[in-house]
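S.K.: One structure follows; several queries about it will come next.
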Amino acid sequence: MTETLDIKISRTTASRLQQTDFDNLPFGKTFSDHMFVADYADGEWKNLSVIPYGEIGLSPAISALHYGQAFFEGLKAYKHADGKITVFRPDKNAIRFNKSAERLCMPTLPEEIFLQSIATLVDLDRDWVPSKPNHALYIRPFMFATDPYLGVTPSSTYKYMVLIGPVGPYFSKPLRVKIETHYTRAAEGGMGYAKAAGNYGSSMLPARKATEEGFDQLIWTDAKEHKFIEEMGAANAMFLLDGKLITAEAKDTILDGVTRDTVIALAKEWGITVEERKVSVAEIVEGAKNGKLTDAFGAGTAATIAPVASISYEGQEYFLSDPKTREFSNKVFDTLDAIKYGNVPDTHNWNYLV
Ligand code: PLP
Ligand code: COI
């Protein structure tokens with residue numbers, strides 16, 4: 001860190017830590033005692049503060065509610081066996097945060113504010129970081145427009161906030177996924193590469209329909225022809241086909257995932273050929289049929305490494321090998337875990353000490 005920012009801290013007098021059941025942590029429902037908040041006005045970020053977690057008063061006319069000038073990030077902090085707490089690759093999220101901001105015509109946030117808001121909040125609520133395997137502290141930075149004005153124009157005021165809370169695994173079992181050929185998550189020239197709130201809003205109807213059909217997640221395909229695989233729910237889709245790791249290239253319809261980047265880096269170190277390119281539905285379905293698709297998983301912060309049990313396409317369901325026996329994704333999962341929880345040296349400098 002190059003400079004220490006002036007962050008005002010108001011502590012709660014009533015911690016909820018003792019009443020929190022750390023053995024029952026559904027994703028995203030438990031929040032720690034504090035949250036971070038800052039305001040943007042007159043062209044600068046001000047009022048950097050940590051305050052007790054709770055409701056905030058807002059005008060019903062804020063433009064975030066009407067026109068969707070809102071986006072977020074997701075990252076995690078881990079407790080090591082020696083009690084140290086580290087955040088995984090927050091510098092990557094800081095960069096993506098500003099890509100989202102620019103796409104939505106919102107102000108960027110200096111990387112120092114992003115990193116120090118997280119460090120200050122996680123440090124204050126460090127007792128909220130779970131120590132159980134497969135558990136972590138989820139960190140949710142977000143920004144939204146606060147001008148109480150119904151004109152369709154970029155807001156001149158914004159809030160940046162960070163919430164944190166302990167989480168267990170996002171998915172409890174290998175996923176039955178369906179290749180979506182009607183709805184679209186992102187189109188070229190759109191905002192798929194941004195973590196815009198609206199991208200998630202638009203995914204809910206197709207996701208619900210897939211759930212009603214018995215599937216756990218969707219595989220999104222390209223908007224033009226639905227012939228190329230883009231992402232898997234709120235994770236990047238990755239495959240081991242013919243011994244090569246293949247995944248859609250990061251372009252404007254794809255969220256450039258930190259987990260994806262990490263998996264690619266590890267695979268290259270292990271001497272595996274990595275192809276970031278157009279991935280056709282046809283080759284994945286063919287690989288599932290002829291057994292050359294030996295691994296398939298979603299990669300994401302919440303999802304971690306989420307194995308795919310089966311892939312459905314045009315009414316046919318293709319089951320892949322037993323996820324427990326898959327060499328690549330299990331090795332990635334274990335290696336990532338070992339790095340994040342500090343059980344092996346962090347040779348890549350991915351862990352950011354709080
Ligand atoms: N793609 C989408 C649409 C996501 O929401 C996420 C989750 O953040 C990812 C991919 C994976 O990104 P990351 O590994 O940075 O969490
Ligand atoms: C994350 O992995 O951080 C995500 O953003 C997924 C989330 C939408 C649950």
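A note on labels: chains of the structure tokens are A, B, ... as shown, every chain counts residues from 1, and ligands are counted from 1 in their shown order.
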For ligand 2, return the neighbouring residues as a ChimeraX atom specification (distance at most 9 Å; only C-alpha atoms and all ligand atoms).

M.R.: /A:27-28,72-76,138-140,170,195,200,233-235,257,259,299-304

S.K.: Residues of range 35-283 of chain A classed as strand (DSSP E or B) by DSSP on the backbone are to be reported as a count of residues only.

M.R.: 82

S.K.: Using only C-alpha atoms, find each residue in range 132-177 of chain A having at least one atom no more than 9 Å away from range 78-93 of chain A; report its shortest atom-to-atom pair and that distance in Å (one decimal), rows by chain then rising number, as CSV.

M.R.:
residue,atom,partner,partner_atom,distance
A:Lys132,CA,A:Lys79,CA,8.8
A:His135,CA,A:Tyr78,CA,7.8
A:Ala136,CA,A:Tyr78,CA,5.2
A:Leu137,CA,A:Tyr78,CA,6.5

S.K.: May I have the selected residues written with N, CA and C atoms, as an mmCIF file, in the first residue's frame?

M.R.:
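Now in again.cif:
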data_model
loop_
_atom_site.group_PDB
_atom_site.id
_atom_site.type_symbol
_atom_site.label_atom_id
_atom_site.label_comp_id
_atom_site.auth_asym_id
_atom_site.auth_seq_id
_atom_site.Cartn_x
_atom_site.Cartn_y
_atom_site.Cartn_z
ATOM 1 N N LYS A 132 -13.629 -23.036 8.797
ATOM 2 C CA LYS A 132 -13.944 -24.394 8.308
ATOM 3 C C LYS A 132 -13.490 -24.599 6.867
ATOM 4 N N HIS A 135 -14.993 -22.929 3.431
ATOM 5 C CA HIS A 135 -15.710 -21.723 3.851
ATOM 6 C C HIS A 135 -14.777 -20.516 3.718
ATOM 7 N N ALA A 136 -15.375 -19.370 3.548
ATOM 8 C CA ALA A 136 -14.580 -18.154 3.367
ATOM 9 C C ALA A 136 -15.446 -16.951 3.727
ATOM 10 N N LEU A 137 -14.825 -15.793 3.689
ATOM 11 C CA LEU A 137 -15.582 -14.559 3.867
ATOM 12 C C LEU A 137 -15.823 -13.990 2.476
#

S.K.: Determine the nearest neighbour of ligand 1 from the options A:Gly43, A:Gly201, A:Pro107, A:Pro60, counting only C-alpha atoms and all ligand atoms.

M.R.: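 So, comparing all the options, the nearest one is A:Gly201.
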
S.K.: Have a look at A:Leu25, A:Arg208, A:Ser321, A:Ser59 and name the one nearest to Gly291 in chain A; count only C-alpha atoms.

M.R.: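 Selected residue with least distance to Gly291 in chain A: A:Ser321.
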
S.K.: For the atom pair CA of Tyr40 in chain A and CA of Val129 in chain A, what is the interatomic distance in Å to one decimal place?

M.R.: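 Distance reported for this atom pair: 29.4 Å.
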
S.K.: Neighbouring residues of Ile219 in chain A were defined as those with any atom within 6 Å, considering only C-alpha atoms; residues of the same chain fewer than 6 positions away were excluded. Please report them as an mmCIF file with C-alpha atoms, in the first residue's frame.

M.R.:
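What follows is the written file result08.cif:
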data_model
loop_
_atom_site.group_PDB
_atom_site.id
_atom_site.type_symbol
_atom_site.label_atom_id
_atom_site.label_comp_id
_atom_site.auth_asym_id
_atom_site.auth_seq_id
_atom_site.Cartn_x
_atom_site.Cartn_y
_atom_site.Cartn_z
ATOM 1 C CA LYS A 178 -28.462 -27.040 -20.077
ATOM 2 C CA ILE A 179 -27.099 -25.336 -23.165
ATOM 3 C CA GLU A 180 -29.387 -22.337 -23.668
ATOM 4 C CA GLU A 231 -20.315 -18.818 -19.854
ATOM 5 C CA MET A 232 -21.987 -21.034 -17.285
#

S.K.: According to DSSP computed on the backbone, where in range 59-159 of chain A is there helix (DSSP H, G or I)? Give the residues as number ranges by chain.

M.R.: A: 63-67, 90-103, 111-124, 126-128

S.K.: So the first atom is CA of Ala265 in chain A and the second is CA of Ala309 in chain A; what is the distance between them in Å, to one decimal place?

M.R.: 24.6 Å

S.K.: Between A:Phe71, A:Tyr149, A:Phe239, A:Phe215, which one has atoms that come closest to ligand 1, using only C-alpha atoms and all ligand atoms?

M.R.: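 Under the stated criterion, the closest residue is A:Phe71.
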
S.K.: With only C-alpha atoms as the atoms that count, which of A:Leu48, A:Ala194, A:Leu353, A:Ala14 lies nearest to Met35 in chain A?

M.R.: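 Among the listed residues, A:Leu48 lies closest to Met35 in chain A.
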
S.K.: For Leu109 in chain A, which residue among A:Ile56, A:Met161, A:Val152, A:Ala288 is the nearest when counting only C-alpha atoms?

M.R.: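 Among the listed residues, A:Met161 lies closest to Leu109 in chain A.
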
S.K.: Pick out the residues sitting within 10 Å of Leu336 in chain A, and hand them over as a list of chain:residue names; count only C-alpha atoms, and ignore anything fewer than 3 positions along from it in its own chain.

M.R.: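 With the cut-off at 10 Å, the set is A:Thr259, A:Thr262, A:Val263, A:Leu266, A:Thr304, A:Ile305, A:Asn330, A:Lys331, A:Val332, A:Phe333, A:Ile339, A:Lys340, A:Tyr341, A:Gly342, A:Asn343, A:Val344.
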